[in-house]
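Accompanying notes for the structure given below.
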Amino acid sequence: MKLTPTSFVLLTLLARRSMSAFELNNTMYNSVIRAYWLRAKSHVYAETKKLAENGLVTCTTEQGLRGRERTVYHINPAGHEALQAWLQEPTDIYDAQIEYRGMLKYLCSDQCEVAQMRQNLERMREQALADARAVAQHVENTDYDSRPMGTSGMPFNASSLHFLIDLVEARLKWVDQTLENLANIESTADSRSEERR
């Protein structure tokens, strides 16, 4: 099996505590991981099964809350070994890419009217503000006082949130600067050749 970043995220979560696939999905979706590595729920279920099939996790069956049996996954020594090897290897691929549809539209803006381009930029600002509110809500909803000190992942989750906040601030700053720079452009045709330079 070729392990993917999703494999290693799941192994990390299982190293923190054993979980069912449903719990793994919820943890990925409701934690800061979502901002950096959001995957479809079906993908997480499939990846969890692959980890078991390839001997990196073991499974037990437990009684669920509603009386149904559920499969709980536990990381085993082979899973720990694979996770450690991944953590130690350098990240040597181009890793600065961001899936950002608003920027993709901006890169294609020479094909639309200036009014539409400005409207798209305003939407980018609105989305950045919505993302900032979501991060703030996540922090507010996290009951840090009830968690014991030393809970796995806590300091790393907090510093990852700081990175998200910095990204939101950078996006807002970029939109404001871009709108200011484009204030005198009346047509996207004006952005060609000498004017563009």
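Residues are referred to by chain and number: the chain letter is A, B, ... according to the order shown in the structure tokens, the number counts from 1 in that chain, and ligands are numbered separately from 1 in the order shown.
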Legend entry - Nearby residues (only C-alpha atoms) at most 6 Å from segment 73-81 of chain A, same-chain spacing under 2 positions excluded, as a PyMOL selection string: chain A and resi 14-15+18-20+56-59+83-84
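You can rank A:Tyr45, A:Glu180, A:Phe8, A:Trp37 by their closest distance to Leu24 of chain A using only C-alpha atoms, and at the top of that list sits A:Tyr45.
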Run DSSP on the backbone and tell me which residues of chain A come out as helix (DSSP H, G or I); list them as an mmCIF file with C-alpha atoms, in the first residue's frame.
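The new file out.cif reads:
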data_model
loop_
_atom_site.group_PDB
_atom_site.id
_atom_site.type_symbol
_atom_site.label_atom_id
_atom_site.label_comp_id
_atom_site.auth_asym_id
_atom_site.auth_seq_id
_atom_site.Cartn_x
_atom_site.Cartn_y
_atom_site.Cartn_z
ATOM 1 C CA PRO A 5 -0.796 12.114 3.896
ATOM 2 C CA THR A 6 -4.322 11.029 4.911
ATOM 3 C CA SER A 7 -2.870 7.703 6.086
ATOM 4 C CA PHE A 8 -0.434 9.514 8.358
ATOM 5 C CA VAL A 9 -3.054 11.906 9.717
ATOM 6 C CA LEU A 10 -5.202 8.887 10.644
ATOM 7 C CA LEU A 11 -2.231 7.092 12.213
ATOM 8 C CA THR A 12 -1.464 10.217 14.261
ATOM 9 C CA LEU A 13 -5.047 10.458 15.498
ATOM 10 C CA LEU A 14 -5.009 6.762 16.395
ATOM 11 C CA ALA A 15 -1.672 7.191 18.178
ATOM 12 C CA ARG A 16 -3.439 9.761 20.380
ATOM 13 C CA ALA A 21 -13.941 5.399 11.551
ATOM 14 C CA PHE A 22 -16.926 7.612 12.406
ATOM 15 C CA GLU A 23 -14.951 9.246 15.230
ATOM 16 C CA LEU A 24 -11.914 9.690 12.961
ATOM 17 C CA ASN A 25 -14.086 11.464 10.413
ATOM 18 C CA ASN A 26 -15.593 13.743 13.056
ATOM 19 C CA THR A 27 -12.178 14.541 14.504
ATOM 20 C CA MET A 28 -10.761 15.435 11.096
ATOM 21 C CA TYR A 29 -13.789 17.549 10.189
ATOM 22 C CA ASN A 30 -14.111 19.393 13.511
ATOM 23 C CA ILE A 33 -6.814 19.475 10.413
ATOM 24 C CA ARG A 34 -9.797 20.401 8.226
ATOM 25 C CA ALA A 35 -8.103 23.629 7.179
ATOM 26 C CA TYR A 36 -4.989 21.864 5.931
ATOM 27 C CA TRP A 37 -6.149 18.462 4.741
ATOM 28 C CA LYS A 41 -15.790 11.181 4.516
ATOM 29 C CA SER A 42 -15.842 8.236 2.118
ATOM 30 C CA HIS A 43 -12.098 8.702 1.561
ATOM 31 C CA VAL A 44 -11.413 8.568 5.313
ATOM 32 C CA TYR A 45 -13.485 5.375 5.696
ATOM 33 C CA ALA A 46 -11.676 3.724 2.779
ATOM 34 C CA GLU A 47 -8.244 4.808 4.022
ATOM 35 C CA THR A 48 -8.947 3.454 7.512
ATOM 36 C CA LYS A 49 -9.860 0.056 6.059
ATOM 37 C CA LYS A 50 -6.653 0.064 3.984
ATOM 38 C CA LEU A 51 -4.575 0.725 7.097
ATOM 39 C CA ALA A 52 -6.156 -2.354 8.706
ATOM 40 C CA GLU A 53 -5.744 -4.507 5.587
ATOM 41 C CA PRO A 77 3.848 -1.195 16.323
ATOM 42 C CA ALA A 78 3.971 -1.382 12.496
ATOM 43 C CA GLY A 79 1.741 1.712 12.317
ATOM 44 C CA HIS A 80 3.939 3.574 14.804
ATOM 45 C CA GLU A 81 7.018 2.637 12.784
ATOM 46 C CA ALA A 82 5.466 3.871 9.506
ATOM 47 C CA LEU A 83 4.382 7.122 11.171
ATOM 48 C CA GLN A 84 7.865 7.728 12.606
ATOM 49 C CA ALA A 85 9.491 7.084 9.212
ATOM 50 C CA TRP A 86 7.142 9.617 7.571
ATOM 51 C CA LEU A 87 7.768 12.249 10.246
ATOM 52 C CA GLN A 88 11.529 11.898 9.746
ATOM 53 C CA ARG A 101 -10.786 29.263 -6.051
ATOM 54 C CA GLY A 102 -11.014 33.003 -5.505
ATOM 55 C CA MET A 103 -7.375 33.426 -6.578
ATOM 56 C CA LEU A 104 -7.964 31.136 -9.543
ATOM 57 C CA LYS A 105 -10.778 33.437 -10.678
ATOM 58 C CA TYR A 106 -8.544 36.459 -10.148
ATOM 59 C CA LEU A 107 -5.848 34.901 -12.348
ATOM 60 C CA SER A 109 -9.814 38.154 -14.584
ATOM 61 C CA ASP A 110 -8.555 39.513 -17.886
ATOM 62 C CA GLN A 111 -11.559 37.699 -19.382
ATOM 63 C CA VAL A 114 -13.596 45.277 -14.190
ATOM 64 C CA ALA A 115 -16.841 45.538 -12.205
ATOM 65 C CA GLN A 116 -17.056 41.735 -12.044
ATOM 66 C CA MET A 117 -13.393 41.485 -11.040
ATOM 67 C CA ARG A 118 -13.950 43.968 -8.198
ATOM 68 C CA GLN A 119 -17.062 42.082 -7.102
ATOM 69 C CA ASN A 120 -15.039 38.842 -7.011
ATOM 70 C CA LEU A 121 -12.385 40.568 -4.897
ATOM 71 C CA GLU A 122 -15.063 41.772 -2.474
ATOM 72 C CA ARG A 123 -16.311 38.195 -2.219
ATOM 73 C CA MET A 124 -12.769 37.077 -1.426
ATOM 74 C CA ARG A 125 -12.729 39.602 1.427
ATOM 75 C CA GLU A 126 -16.109 38.352 2.695
ATOM 76 C CA GLN A 127 -14.878 34.756 2.593
ATOM 77 C CA ALA A 128 -11.691 35.654 4.468
ATOM 78 C CA LEU A 129 -13.796 37.344 7.165
ATOM 79 C CA ALA A 130 -16.103 34.302 7.320
ATOM 80 C CA ASP A 131 -13.039 32.068 7.715
ATOM 81 C CA ALA A 132 -11.774 34.339 10.504
ATOM 82 C CA ARG A 133 -15.127 34.014 12.284
ATOM 83 C CA ALA A 134 -14.994 30.217 11.883
ATOM 84 C CA VAL A 135 -11.515 30.081 13.451
ATOM 85 C CA ALA A 136 -12.673 32.315 16.319
ATOM 86 C CA GLN A 137 -15.758 30.121 16.831
ATOM 87 C CA HIS A 138 -13.577 26.994 16.893
ATOM 88 C CA VAL A 139 -11.398 28.534 19.602
ATOM 89 C CA GLU A 140 -14.451 29.667 21.563
ATOM 90 C CA ASN A 141 -16.121 26.238 21.355
ATOM 91 C CA TYR A 144 -9.658 23.945 27.169
ATOM 92 C CA ASP A 145 -10.353 24.134 30.909
ATOM 93 C CA SER A 146 -11.926 20.668 30.997
ATOM 94 C CA MET A 154 -3.091 20.585 21.955
ATOM 95 C CA PRO A 155 -0.046 22.893 21.628
ATOM 96 C CA PHE A 156 0.337 21.963 17.962
ATOM 97 C CA ASN A 157 -3.349 22.622 17.248
ATOM 98 C CA ALA A 158 -3.013 26.057 18.866
ATOM 99 C CA SER A 159 0.023 27.068 16.797
ATOM 100 C CA SER A 160 -1.694 25.749 13.656
ATOM 101 C CA LEU A 161 -4.600 28.090 14.425
ATOM 102 C CA HIS A 162 -2.135 30.995 14.602
ATOM 103 C CA PHE A 163 -0.983 30.074 11.093
ATOM 104 C CA LEU A 164 -4.611 30.178 9.870
ATOM 105 C CA ILE A 165 -5.107 33.595 11.466
ATOM 106 C CA ASP A 166 -1.965 34.867 9.732
ATOM 107 C CA LEU A 167 -3.267 33.519 6.403
ATOM 108 C CA VAL A 168 -6.624 35.262 6.854
ATOM 109 C CA GLU A 169 -4.864 38.539 7.674
ATOM 110 C CA ALA A 170 -2.632 38.143 4.597
ATOM 111 C CA ARG A 171 -5.674 37.509 2.386
ATOM 112 C CA LEU A 172 -7.465 40.602 3.711
ATOM 113 C CA LYS A 173 -4.358 42.745 3.246
ATOM 114 C CA TRP A 174 -3.879 41.426 -0.300
ATOM 115 C CA VAL A 175 -7.507 42.148 -1.297
ATOM 116 C CA ASP A 176 -7.294 45.721 0.048
ATOM 117 C CA GLN A 177 -3.985 46.376 -1.746
ATOM 118 C CA THR A 178 -5.241 44.852 -4.987
ATOM 119 C CA LEU A 179 -8.455 46.898 -4.965
ATOM 120 C CA GLU A 180 -6.381 50.015 -4.324
ATOM 121 C CA ASN A 181 -3.988 49.166 -7.177
ATOM 122 C CA THR A 188 -9.213 44.670 -18.007
ATOM 123 C CA ALA A 189 -7.652 45.454 -21.379
ATOM 124 C CA ASP A 190 -5.708 48.190 -19.530
ATOM 125 C CA SER A 191 -3.782 45.538 -17.670
ATOM 126 C CA SER A 193 1.734 45.106 -21.881
ATOM 127 C CA GLU A 194 3.287 48.324 -20.560
ATOM 128 C CA GLU A 195 0.510 49.047 -18.059
ATOM 129 C CA ARG A 196 0.880 45.602 -16.543
#
Inset, instruction - Please provide as a ChimeraX atom specification all residues within 12 Å of Gln63 of chain A, with the sequence filter that same-chain residues fewer than 6 positions apart are discarded (counting only C-alpha atoms). - result: /A:20,69-72
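We find atom CA of Met1 of chain A and atom CA of Leu38 of chain A to be spaced 21.2 Å apart.
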Inset, instruction - Could you check how far atom CA of Cys112 of chain A sits from atom CA of Glu186 of chain A, in Å to one decimal? - result: 11.8 Å
Legend entry - Backbone DSSP call of strand (DSSP E) for segment 71-181 of chain A, listed as a ChimeraX atom specification: /A:71-75
Inset, instruction - Work out how far atom CA of Tyr100 of chain A is from atom CA of Ser187 of chain A, in Å to one decimal. - result: 24.4 Å
